[in-house]
>>> print(open('work.cif').read())   # mmCIF, C-alpha atoms
data_query
#
loop_
_atom_site.label_atom_id
_atom_site.label_comp_id
_atom_site.auth_asym_id
_atom_site.auth_seq_id
_atom_site.Cartn_x
_atom_site.Cartn_y
_atom_site.Cartn_z
CA MET N 1 115.47 105.25 97.82
CA ALA N 2 113.74 106.75 100.82
CA ALA N 3 111.08 108.36 98.62
CA ASN N 4 110.50 105.04 96.93
CA TRP N 5 109.95 103.34 100.28
CA LYS N 6 107.40 105.97 101.18
CA THR N 7 105.34 105.61 98.03
CA THR N 8 105.23 101.85 98.22
CA THR N 9 103.99 101.75 101.81
CA LEU N 10 102.13 104.97 102.51
CA ILE N 11 100.00 105.08 99.36
CA PRO N 12 98.45 101.62 99.95
CA LEU N 13 97.93 102.62 103.58
CA VAL N 14 95.92 105.69 102.57
CA ILE N 15 93.86 103.61 100.13
CA THR N 16 93.23 100.96 102.79
CA PHE N 17 92.03 103.57 105.24
CA LEU N 18 89.51 105.00 102.79
CA PHE N 19 88.47 101.50 101.77
CA LEU N 20 87.57 100.69 105.37
CA LEU N 21 85.96 104.08 105.86
CA ASP N 22 83.46 103.18 103.10
CA GLY N 23 82.17 100.22 105.07
CA LEU N 24 82.19 102.09 108.35
CA LEU N 25 80.27 105.06 106.96
CA THR N 26 77.64 102.72 105.58
CA ALA N 27 77.32 100.91 108.90
CA ILE N 28 76.94 104.09 110.95
CA PHE N 29 74.93 106.29 108.62
CA SER N 30 72.78 103.53 107.14
CA ALA N 31 69.64 105.23 108.43
CA GLN N 32 70.52 108.26 106.32
CA PHE N 33 72.07 106.47 103.34
CA LEU N 34 69.33 103.90 102.88
CA GLU N 35 66.30 106.07 103.44
CA GLY N 36 63.20 104.46 101.95
CA THR N 37 63.92 103.27 98.45
CA LYS N 38 66.75 105.72 97.90
CA THR N 39 70.19 104.25 98.23
CA MET N 40 73.41 106.19 98.54
CA THR N 41 76.71 104.41 98.24
CA PRO N 42 79.85 106.07 99.57
CA ARG N 43 82.72 105.35 97.20
CA LEU N 44 85.76 106.95 98.79
CA ILE N 45 87.93 104.17 97.38
CA VAL N 46 86.99 105.20 93.84
CA LEU N 47 87.67 108.85 94.60
CA VAL N 48 91.13 108.09 95.92
CA LEU N 49 91.97 105.75 93.03
CA ILE N 50 90.99 108.39 90.48
CA LEU N 51 92.86 111.15 92.26
CA MET N 52 96.00 109.09 92.64
CA SER N 53 95.99 108.05 89.00
CA PHE N 54 96.86 111.66 88.26
CA TYR N 55 100.08 111.43 90.27
CA ILE N 56 101.25 107.82 90.27
CA PRO N 57 102.47 105.86 87.22
CA ARG N 58 99.93 103.63 85.55
CA SER N 59 101.63 100.30 86.03
CA ARG N 60 101.65 100.67 89.80
CA MET N 61 98.12 102.04 89.99
CA LEU N 62 96.81 99.08 88.02
CA VAL N 63 98.36 96.71 90.54
CA TYR N 64 96.68 98.62 93.37
CA GLY N 65 93.42 98.47 91.42
CA VAL N 66 93.57 94.70 91.11
CA ILE N 67 94.59 94.13 94.74
CA PHE N 68 91.97 96.44 96.24
CA GLY N 69 89.37 95.17 93.79
CA LEU N 70 90.00 91.67 95.04
CA ILE N 71 89.84 92.68 98.70
CA TYR N 72 86.65 94.65 98.08
CA ASP N 73 85.03 91.66 96.41
CA SER N 74 86.08 89.26 99.08
CA TYR N 75 85.42 91.41 102.14
CA TYR N 76 82.25 93.30 101.28
CA VAL N 77 80.44 91.50 98.50
CA GLY N 78 81.42 87.86 98.70
CA ILE N 79 81.26 87.43 94.93
CA LEU N 80 84.76 87.54 93.46
CA GLY N 81 85.34 89.16 90.10
CA VAL N 82 83.19 92.29 90.18
CA TYR N 83 85.38 95.08 91.46
CA ILE N 84 88.56 93.32 90.42
CA LEU N 85 87.56 94.27 86.88
CA LEU N 86 86.01 97.65 87.65
CA PHE N 87 88.86 99.26 89.62
CA PRO N 88 91.59 98.67 87.00
CA LEU N 89 89.10 99.78 84.34
CA ILE N 90 88.48 103.18 85.92
CA ILE N 91 92.20 103.64 86.53
CA TYR N 92 92.92 102.87 82.89
CA LEU N 93 90.21 105.28 81.77
CA THR N 94 91.49 108.06 84.01
CA GLU N 95 95.05 107.51 82.79
CA LYS N 96 93.93 107.78 79.17
CA LEU N 97 91.96 110.97 79.78
CA LYS N 98 94.58 112.66 81.94
CA LYS N 99 96.83 113.13 78.90
CA ILE N 100 94.17 115.30 77.28
CA LEU N 101 92.92 117.10 80.38
CA ASN N 102 94.79 119.04 83.03
CA PRO N 103 94.27 118.06 86.63
CA ASN N 104 92.32 120.89 88.20
CA PRO N 105 89.59 120.17 90.77
CA VAL N 106 86.70 120.68 88.35
CA VAL N 107 88.10 118.28 85.79
CA ILE N 108 88.81 115.64 88.43
CA GLY N 109 85.28 116.13 89.74
CA MET N 110 83.95 115.43 86.25
CA MET N 111 86.11 112.31 86.04
CA VAL N 112 84.59 111.14 89.31
CA ILE N 113 81.06 111.56 87.94
CA ILE N 114 81.86 109.73 84.70
CA ASN N 115 83.59 106.85 86.46
CA LEU N 116 80.96 106.46 89.16
CA SER N 117 78.16 106.38 86.59
CA LEU N 118 80.09 103.71 84.76
CA ILE N 119 80.57 101.63 87.91
CA GLU N 120 76.98 101.91 89.12
CA THR N 121 75.59 101.05 85.68
CA TYR N 122 77.87 98.05 85.35
CA LEU N 123 76.86 96.84 88.81
CA TYR N 124 73.19 97.33 88.04
CA LEU N 125 73.43 95.28 84.84
CA PHE N 126 75.54 92.68 86.62
CA TYR N 127 73.09 92.13 89.49
CA GLN N 128 70.20 92.27 87.05
CA VAL N 129 71.69 89.40 85.04
CA LEU N 130 72.37 87.40 88.19
CA GLY N 131 68.80 87.93 89.37
CA TYR N 132 69.72 89.73 92.58
CA THR N 133 67.51 92.66 91.72
CA THR N 134 64.39 93.26 89.68
CA ILE N 135 64.18 97.05 89.70
CA ASN N 136 63.78 98.70 86.32
CA TRP N 137 66.00 101.20 84.57
CA ALA N 138 64.09 104.32 85.60
CA THR N 139 64.01 103.30 89.26
CA PHE N 140 67.71 102.61 89.13
CA LEU N 141 68.47 106.08 87.75
CA ALA N 142 66.24 107.86 90.25
CA ASP N 143 66.87 105.82 93.40
CA ARG N 144 70.46 104.67 93.02
CA LEU N 145 72.54 106.58 90.53
CA GLY N 146 71.26 110.05 91.40
CA PRO N 147 71.68 109.90 95.18
CA THR N 148 75.01 108.08 94.87
CA LEU N 149 76.46 110.71 92.55
CA LEU N 150 75.22 113.45 94.84
CA LEU N 151 76.72 111.90 97.96
CA ASN N 152 80.05 111.23 96.31
CA LEU N 153 80.25 114.74 94.93
CA VAL N 154 79.90 116.03 98.48
CA LEU N 155 82.47 113.53 99.74
CA PHE N 156 84.76 114.56 96.88
CA ILE N 157 84.58 118.21 97.85
CA ILE N 158 85.44 117.27 101.45
CA VAL N 159 88.32 114.89 100.76
CA PHE N 160 89.80 116.46 97.63
CA TYR N 161 92.26 118.92 99.17
CA PRO N 162 93.45 116.78 102.07
CA LEU N 163 93.99 113.84 99.74
CA LYS N 164 95.75 115.95 97.14
CA LYS N 165 98.09 117.37 99.77
CA ILE N 166 98.81 113.91 101.17
CA THR N 167 99.51 112.42 97.76
CA GLU N 168 101.74 115.33 96.76
CA ARG N 169 103.68 115.15 99.99
CA ILE N 170 104.23 111.41 99.74
CA GLN N 171 105.22 111.66 96.08
CA GLY N 172 107.22 114.86 96.45
CA GLU N 173 109.76 113.75 99.01
CA MET S 1 87.73 90.24 81.57
CA ILE S 2 87.89 86.49 81.17
CA VAL S 3 89.57 86.10 84.53
CA SER S 4 86.83 88.23 86.06
CA LEU S 5 84.04 86.17 84.54
CA GLY S 6 85.78 82.99 85.65
CA LEU S 7 86.00 84.27 89.20
CA ILE S 8 82.33 85.28 89.17
CA ALA S 9 81.28 81.85 87.98
CA PHE S 10 83.49 80.23 90.59
CA SER S 11 82.10 82.21 93.51
CA ILE S 12 78.45 81.97 92.52
CA THR S 13 78.48 78.20 92.27
CA GLY S 14 80.16 77.89 95.67
CA THR S 15 77.88 77.29 98.64
CA GLY S 16 79.21 79.36 101.47
CA ASN S 17 82.34 77.29 101.92
CA ILE S 18 84.90 79.74 100.70
CA PRO S 19 88.56 79.01 99.92
CA ILE S 20 91.20 79.45 102.62
CA LEU S 21 92.85 82.31 100.75
CA GLN S 22 89.65 84.30 100.72
CA GLN S 23 89.02 83.53 104.39
CA LEU S 24 92.50 84.81 105.15
CA THR S 25 91.97 88.01 103.17
CA ASN S 26 88.65 88.65 104.88
CA ASP S 27 90.08 88.05 108.32
CA ILE S 28 93.07 90.30 107.86
CA THR S 29 90.82 93.05 106.51
CA ALA S 30 88.43 92.51 109.41
CA VAL S 31 91.25 92.89 111.94
CA VAL S 32 92.37 96.19 110.41
CA SER S 33 88.75 97.26 110.10
CA ARG S 34 88.21 96.64 113.79
CA VAL S 35 90.96 99.13 114.61
CA VAL S 36 89.03 101.79 112.70
CA ALA S 37 85.59 100.69 113.90
CA LYS S 38 86.32 100.58 117.65
CA PRO S 39 86.93 104.31 118.22
CA THR S 40 84.07 105.25 115.91
CA ASN S 41 81.69 102.99 117.79
CA ALA S 42 82.80 104.56 121.05
CA VAL S 43 82.08 108.05 119.75
CA VAL S 44 78.68 107.05 118.40
CA ASP S 45 77.83 105.34 121.69
CA PHE S 46 78.69 108.50 123.57
CA LEU S 47 76.60 110.71 121.29
CA GLU S 48 73.71 108.31 121.58
CA SER S 49 73.84 108.29 125.36
CA VAL S 50 73.72 112.09 125.39
CA ASP S 51 70.76 111.93 123.05
CA ARG S 52 68.99 109.49 125.33
CA LEU S 53 69.56 111.65 128.36
CA LYS S 54 67.28 114.26 126.85
CA ASN S 55 64.18 112.08 126.89
CA THR S 56 64.88 110.44 130.20
CA TYR S 57 62.09 112.13 132.10
CA GLU S 58 59.30 111.28 129.70
CA GLU S 59 60.55 107.74 129.35
CA ASN S 60 60.70 107.36 133.09
CA GLN S 61 57.04 108.33 133.48
CA LEU S 62 55.98 105.91 130.79
CA LEU S 63 58.05 103.09 132.20
CA LYS S 64 56.72 103.56 135.70
CA SER S 65 53.22 102.90 134.52
CA LYS S 66 54.36 99.82 132.68
CA ILE S 67 56.25 98.35 135.60
CA ASP S 68 53.11 97.77 137.62
CA LYS S 69 51.73 95.56 134.91
CA LEU S 70 55.05 93.79 134.56
CA TYR S 71 55.02 92.55 138.15
CA GLU S 72 51.85 90.67 137.50
CA THR S 73 53.16 89.08 134.33
CA GLU S 74 56.41 88.18 136.02
CA VAL S 75 54.67 86.12 138.64
CA GLU S 76 52.60 84.49 135.98
CA ILE S 77 55.64 83.66 133.86
CA ALA S 78 57.52 82.19 136.79
CA ASP S 79 54.58 79.95 137.46
CA LEU S 80 54.29 78.91 133.85
CA LYS S 81 58.01 78.24 133.61
CA GLN S 82 57.92 75.94 136.57
CA ASN S 83 54.97 74.14 135.13
CA ASN S 84 56.63 73.84 131.77
CA GLU S 85 59.80 72.40 133.27
CA LYS S 86 57.89 69.82 135.26
CA LEU S 87 55.95 68.75 132.23
CA LYS S 88 59.12 68.54 130.18
CA GLU S 89 60.68 66.31 132.81
CA GLN S 90 57.71 64.03 132.69
CA LEU S 91 57.92 63.83 128.93
CA ASP S 92 61.71 63.34 128.91
CA LEU S 93 62.22 66.25 126.56
CA THR S 94 65.85 67.33 126.60
CA ALA S 95 66.05 69.79 123.76
CA THR S 96 63.03 71.55 122.35
CA LEU S 97 63.00 73.84 119.38
CA SER S 98 62.84 76.90 121.55
CA ASP S 99 66.15 76.29 123.32
CA TYR S 100 69.13 78.20 122.07
CA GLU S 101 72.49 79.63 123.01
CA SER S 102 73.45 83.13 122.04
CA ILE S 103 76.74 84.71 121.04
CA ASN S 104 77.17 88.48 120.95
CA GLY S 105 79.13 90.39 118.36
CA ALA S 106 79.79 93.92 117.17
CA VAL S 107 79.28 95.13 113.63
CA ILE S 108 82.53 96.32 112.08
CA SER S 109 81.35 97.29 108.63
CA ARG S 110 78.55 97.10 106.14
CA ASN S 111 78.68 96.48 102.43
CA PRO S 112 78.75 100.00 100.94
CA ASP S 113 77.43 98.65 97.69
CA SER S 114 74.01 97.78 99.05
CA TRP S 115 72.83 95.57 96.21
CA VAL S 116 73.57 92.74 98.56
CA ASP S 117 72.75 93.99 102.02
CA GLN S 118 75.38 92.48 104.27
CA ILE S 119 77.17 93.38 107.47
CA VAL S 120 80.51 92.12 108.72
CA VAL S 121 80.63 91.05 112.37
CA ASP S 122 83.70 90.50 114.52
CA LYS S 123 82.91 86.91 115.52
CA GLY S 124 83.83 83.84 113.48
CA SER S 125 84.10 80.08 113.53
CA GLN S 126 86.53 80.28 116.47
CA ASN S 127 83.71 81.77 118.55
CA GLY S 128 81.29 79.07 117.49
CA ILE S 129 79.57 80.79 114.58
CA GLU S 130 78.21 78.46 111.94
CA LEU S 131 76.74 78.93 108.51
CA ASP S 132 73.01 79.76 108.36
CA MET S 133 72.71 80.73 112.02
CA SER S 134 69.96 83.24 112.78
CA VAL S 135 71.02 86.71 113.81
CA MET S 136 69.08 89.08 116.08
CA SER S 137 69.56 92.72 116.89
CA GLY S 138 67.70 94.54 119.62
CA ASN S 139 64.65 92.33 119.93
CA GLY S 140 64.03 91.14 116.39
CA LEU S 141 65.43 88.82 113.77
CA ILE S 142 67.59 90.67 111.25
CA GLY S 143 69.20 88.01 109.09
CA ARG S 144 71.33 84.94 108.81
CA VAL S 145 75.00 84.07 108.50
CA VAL S 146 76.07 83.57 104.89
CA GLU S 147 79.83 83.36 105.26
CA VAL S 148 82.07 82.30 108.11
CA ASN S 149 85.76 83.08 108.46
CA PRO S 150 87.89 82.11 111.48
CA THR S 151 87.49 85.47 113.23
CA SER S 152 84.79 87.29 111.29
CA SER S 153 81.56 86.52 109.54
CA LYS S 154 79.12 88.00 107.07
CA VAL S 155 75.43 88.38 107.84
CA GLN S 156 72.87 88.86 105.11
CA LEU S 157 69.97 91.02 106.26
CA VAL S 158 66.32 90.08 105.77
CA THR S 159 65.85 93.35 103.92
CA THR S 160 68.25 92.47 101.13
CA LEU S 161 67.04 92.75 97.55
CA ASP S 162 68.07 89.22 96.74
CA GLN S 163 65.05 87.32 97.94
CA ASN S 164 66.00 83.99 96.37
CA ASN S 165 68.24 83.08 99.27
CA ASN S 166 66.13 84.56 101.94
CA ARG S 167 63.39 82.49 103.53
CA VAL S 168 62.40 82.30 107.15
CA ALA S 169 59.86 79.77 108.37
CA ALA S 170 57.49 81.82 110.49
CA SER S 171 54.37 81.31 112.54
CA VAL S 172 51.71 83.43 114.19
CA SER S 173 49.86 82.36 117.33
CA THR S 174 46.22 83.31 117.08
CA ASP S 175 43.25 82.45 119.25
CA GLU S 176 42.37 79.53 117.04
CA GLY S 177 45.82 78.02 116.82
CA VAL S 178 49.13 78.49 115.10
CA VAL S 179 49.27 79.79 111.54
CA HIS S 180 52.36 79.01 109.48
CA GLY S 181 53.95 80.88 106.63
CA ILE S 182 57.23 81.92 105.08
CA VAL S 183 58.76 85.35 105.43
CA ASN S 184 60.22 85.91 102.00
CA GLY S 185 60.16 89.41 100.63
CA TYR S 186 60.73 93.01 101.57
CA ASP S 187 58.87 96.09 100.51
CA PRO S 188 61.40 98.96 100.65
CA GLU S 189 58.81 101.68 100.04
CA THR S 190 56.97 101.02 103.28
CA ASN S 191 59.81 99.22 105.06
CA ARG S 192 57.78 96.08 105.70
CA LEU S 193 58.56 92.40 105.42
CA VAL S 194 56.17 90.12 103.58
CA MET S 195 55.01 86.78 104.96
CA LYS S 196 53.72 84.53 102.22
CA GLN S 197 51.97 81.20 101.76
CA ILE S 198 49.43 81.58 104.54
CA THR S 199 46.31 79.48 104.07
CA THR S 200 43.19 81.44 103.17
CA ASP S 201 41.11 80.15 106.08
CA ALA S 202 43.55 81.49 108.64
CA GLU S 203 42.29 84.62 110.32
CA LEU S 204 45.09 87.00 111.08
CA LYS S 205 44.58 90.43 112.42
CA GLU S 206 46.54 93.61 112.76
CA GLY S 207 48.92 93.59 115.70
CA ASP S 208 49.52 89.84 115.79
CA GLN S 209 53.14 88.98 116.48
CA VAL S 210 55.13 86.95 113.98
CA MET S 211 57.77 84.54 115.31
CA THR S 212 60.13 82.07 113.73
CA SER S 213 58.59 78.61 113.82
CA GLY S 214 61.82 76.62 113.94
CA LEU S 215 60.50 74.30 111.28
CA GLY S 216 62.94 75.55 108.66
CA GLY S 217 65.66 73.44 110.24
CA VAL S 218 68.14 76.16 111.22
CA SER S 219 66.59 78.72 113.50
CA PRO S 220 65.03 77.97 116.88
CA SER S 221 61.39 78.82 117.43
CA ALA S 222 59.94 81.90 119.11
CA LEU S 223 62.35 84.55 117.85
CA LEU S 224 60.37 87.70 117.24
CA ILE S 225 60.27 88.93 113.64
CA GLY S 226 57.70 91.70 113.83
CA THR S 227 54.04 92.63 114.08
CA ILE S 228 51.43 92.31 111.36
CA GLU S 229 50.19 95.55 109.87
CA GLU S 230 48.14 94.43 106.89
CA VAL S 231 46.77 91.14 105.57
CA LYS S 232 45.55 90.56 102.03
CA LEU S 233 45.23 87.89 99.35
CA ASP S 234 48.25 87.39 97.13
CA SER S 235 48.18 88.17 93.42
CA PHE S 236 46.89 84.70 92.51
CA GLY S 237 44.21 84.68 95.17
CA LEU S 238 45.34 81.29 96.41
CA SER S 239 46.92 82.26 99.70
CA GLN S 240 47.22 85.22 102.01
CA GLU S 241 50.06 87.64 102.43
CA ALA S 242 50.80 89.47 105.64
CA TYR S 243 52.80 92.69 105.78
CA ILE S 244 55.01 92.82 108.84
CA VAL S 245 56.63 95.77 110.54
CA PRO S 246 60.07 94.45 111.56
CA ALA S 247 60.74 94.38 115.30
CA SER S 248 64.26 95.73 114.85
CA ASP S 249 65.46 98.53 112.64
CA THR S 250 67.88 97.10 110.07
CA ASN S 251 69.30 100.55 109.48
CA ASP S 252 70.54 100.93 113.01
CA ILE S 253 72.57 97.86 113.81
CA ARG S 254 75.77 98.05 115.76
CA TYR S 255 75.57 95.02 118.01
CA VAL S 256 74.10 91.68 117.04
CA THR S 257 73.33 88.35 118.68
CA PHE S 258 73.94 85.06 116.95
CA ILE S 259 71.43 82.37 117.80
CA LYS S 260 72.61 78.79 117.93
CA ARG S 261 69.78 76.36 118.34
CA SER S 262 70.27 73.46 120.70
CA ALA S 263 68.03 70.94 118.97
CA GLU S 264 69.66 68.98 116.16
CA SER S 265 68.17 69.65 112.76
CA GLY S 266 68.27 65.97 111.87
CA GLU S 267 69.51 66.57 108.37
#
>>> encode(input="work.cif", output="structure tokens")
Amino acid sequence: MAANWKTTTLIPLVITFLFLLDGLLTAIFSAQFLEGTKTMTPRLIVLVLILMSFYIPRSRMLVYGVIFGLIYDSYYVGILGVYILLFPLIIYLTEKLKKILNPNPVVIGMMVIINLSLIETYLYLFYQVLGYTTINWATFLADRLGPTLLLNLVLFIIVFYPLKKITERIQGE
Amino acid sequence: MIVSLGLIAFSITGTGNIPILQQLTNDITAVVSRVVAKPTNAVVDFLESVDRLKNTYEENQLLKSKIDKLYETEVEIADLKQNNEKLKEQLDLTATLSDYESINGAVISRNPDSWVDQIVVDKGSQNGIELDMSVMSGNGLIGRVVEVNPTSSKVQLVTTLDQNNNRVAASVSTDEGVVHGIVNGYDPETNRLVMKQITTDAELKEGDQVMTSGLGGVSPSALLIGTIEEVKLDSFGLSQEAYIVPASDTNDIRYVTFIKRSAESGE
């Protein structure tokens, strides 16, 4: 019972912290992240969702995906319905693939790259359709996707072990 | 999928007045966010002050030379102000376009997904923030309020990619009079704003200062936007375009000032 209490409160707390860290990092390091036309997007929330999908049952992760997707939409973007679809989607994808793959750091790193590419591409097409942006495909790949993947790979290397330990400890007890 | 599309349609058609539930979500998140942002801001402030200490000597020399000039201008301004006030009294002008009140706020986060360049500020409708208010940082205009919650609000920056919702009525004072135009566009490669729809007979030159004109109905006049760097004809050859170096750096915003204009818009 005690373990159950821990997973239901501490896991969302960890996700919330990383969710807020995304916005804070962008606010503080915007001079570095948005240099010229290049745009880097920190996506710690995606990293943590992918990592936790390896440890936590799918049904619960999907609920987290929907809730945090909704908060992300409402708090950062202001257009509801973007991330609320994307977060459960990446969790579902990770869950499906985890049965075939074993969770070592390299494999999880690959999952991060696949999922982030998926998210960025979806967002690009979405904002293109809405008319928020007019950049073309090649510019998107060079200025957005590339730098974002690079940044998140670095972030992944930094947060992977601490997050893994935290998740294991919360789940283990 | 269908739910998602429905939600998208719902929020795009809305006009800034967001449902209570969303306001509540945003505010609760903002409160938690503030807890994380406060210590970080303190650390960054400290680092910055150390950084500034290094150039103190050079800055001091430069400033000393400027101060002498400032004394002269100060006297002049005081005189002009007095004159202006007297004239206003005679004309019975109570609120002109240049009068405004300001409210200060701290940035608590920025949209990581920078397709829509927005920052979240820790002041909301309870502090007197209203939709469409102009927002300044440092000494230049940086954006306008697009969403107001009770204790937090969202500011869309002038450098955002979405230029459909982003127009600032601007004017330039030249020797021959005031030239009007609209600041609507951002060139990310050179980090310059674009002022459009300037008549071809207007003669603008490099270094002219661009201000808000207050004729757009929301912002007061005489808020600095930036200085002109380049003027050329637009792609149709019908009007001129001026490229403006923004007065404030939109990539280094931690404190902002909301500008509430005193004159009624008469809408």
>>> residues_near_point(input="work.cif", point="(52.0, 84.6, 94.7)", cutoff="12 Å", atoms="only C-alpha atoms", output="VMD selection string")
chain S and resid 182 184 to 185 194 to 198 232 to 241
>>> closest_atom_pairs(input="work.cif", of="chain S", to="chain N", cutoff="6 Å", atoms="only C-alpha atoms", output="CSV")
residue,atom,partner,partner_atom,distance
S:Ser4,CA,N:Gly81,CA,4.4
S:Leu7,CA,N:Gly81,CA,5.0
S:Ile8,CA,N:Gly81,CA,5.0
S:Ser11,CA,N:Ile79,CA,5.5
S:Asn26,CA,N:Tyr75,CA,5.1
S:Ser33,CA,N:Leu20,CA,6.0
S:Ser109,CA,N:Gly23,CA,4.7
S:Arg110,CA,N:Ala27,CA,4.9
S:Asn111,CA,N:Tyr76,CA,4.9
S:Pro112,CA,N:Gly23,CA,5.4
S:Asp113,CA,N:Thr41,CA,5.8
S:Leu161,CA,N:Thr133,CA,5.8
S:Asp162,CA,N:Tyr132,CA,4.5
S:Pro188,CA,N:Thr37,CA,5.5
S:Glu189,CA,N:Gly36,CA,5.5
S:Asn251,CA,N:Ala31,CA,4.8
>>> atom_distance(input="work.cif", atom1="CA of Leu24 in chain S", atom2="CA of Thr151 in chain S")
9.5 Å
>>> residues_around(input="work.cif", residues="Val35 in chain S", least_positions_apart="3", cutoff="12 Å", atoms="all atoms listed in the file", output="MDAnalysis selection string")
(chainID N and resid 17 20:21 24) or (chainID S and resid 28:32 38:42 108:109 122)
>>> residues_around(input="work.cif", residues="Leu10 in chain N", least_positions_apart="4", cutoff="10 Å", atoms="only C-alpha atoms", output="list in words")
Trp5, Lys6, Val14, Ile15, Thr16, Ile166, Thr167, Ile170 and Gln171 of chain N
>>> atom_distance(input="work.cif", atom1="CA of Glu168 in chain N", atom2="CA of Ile67 in chain N")
22.5 Å
>>> resolve_selection(input="work.cif", expression="the PyMOL selection byres ((chain S and resi 174) around 9)", output="list in words")
Val172, Ser173, Asp175, Glu176, Gly177, Val178, Val179, Glu203, Leu204, Lys205, Asp208 and Gln209 of chain S
>>> closest_residue(input="work.cif", among="N:Leu44, N:Thr94, N:Arg169, N:Pro57", to="Thr148 in chain N", atoms="all atoms listed in the file")
N:Leu44
>>> resolve_selection(input="work.cif", expression="the PyMOL selection byres ((chain N and resi 153) around 10)", output="count of residues only")
19
>>> closest_residue(input="work.cif", among="S:Gly226, S:Gly124, S:Pro246, S:Gly216", to="Gly105 in chain S", atoms="all atoms listed in the file")
S:Gly124
>>> decode(input="work.cif", residues="range 200-217 of chain S", atoms="C-alpha atoms", output="mmCIF file, in the first residue's frame")
data_model
loop_
_atom_site.group_PDB
_atom_site.id
_atom_site.type_symbol
_atom_site.label_atom_id
_atom_site.label_comp_id
_atom_site.auth_asym_id
_atom_site.auth_seq_id
_atom_site.Cartn_x
_atom_site.Cartn_y
_atom_site.Cartn_z
ATOM 1 C CA THR S 200 7.300 56.345 -50.912
ATOM 2 C CA ASP S 201 7.766 60.100 -50.552
ATOM 3 C CA ALA S 202 8.783 59.798 -46.918
ATOM 4 C CA GLU S 203 12.494 60.209 -46.430
ATOM 5 C CA LEU S 204 13.781 58.008 -43.682
ATOM 6 C CA LYS S 205 17.387 57.619 -42.850
ATOM 7 C CA GLU S 206 19.567 55.253 -40.923
ATOM 8 C CA GLY S 207 19.516 55.867 -37.193
ATOM 9 C CA ASP S 208 15.999 57.311 -37.003
ATOM 10 C CA GLN S 209 14.098 56.077 -33.980
ATOM 11 C CA VAL S 210 10.849 54.189 -34.406
ATOM 12 C CA MET S 211 8.127 54.664 -31.781
ATOM 13 C CA THR S 212 4.608 53.378 -31.345
ATOM 14 C CA SER S 213 2.158 55.922 -32.693
ATOM 15 C CA GLY S 214 -0.759 55.061 -30.427
ATOM 16 C CA LEU S 215 -3.090 55.099 -33.393
ATOM 17 C CA GLY S 216 -3.640 51.346 -33.302
ATOM 18 C CA GLY S 217 -6.057 51.818 -30.421
#
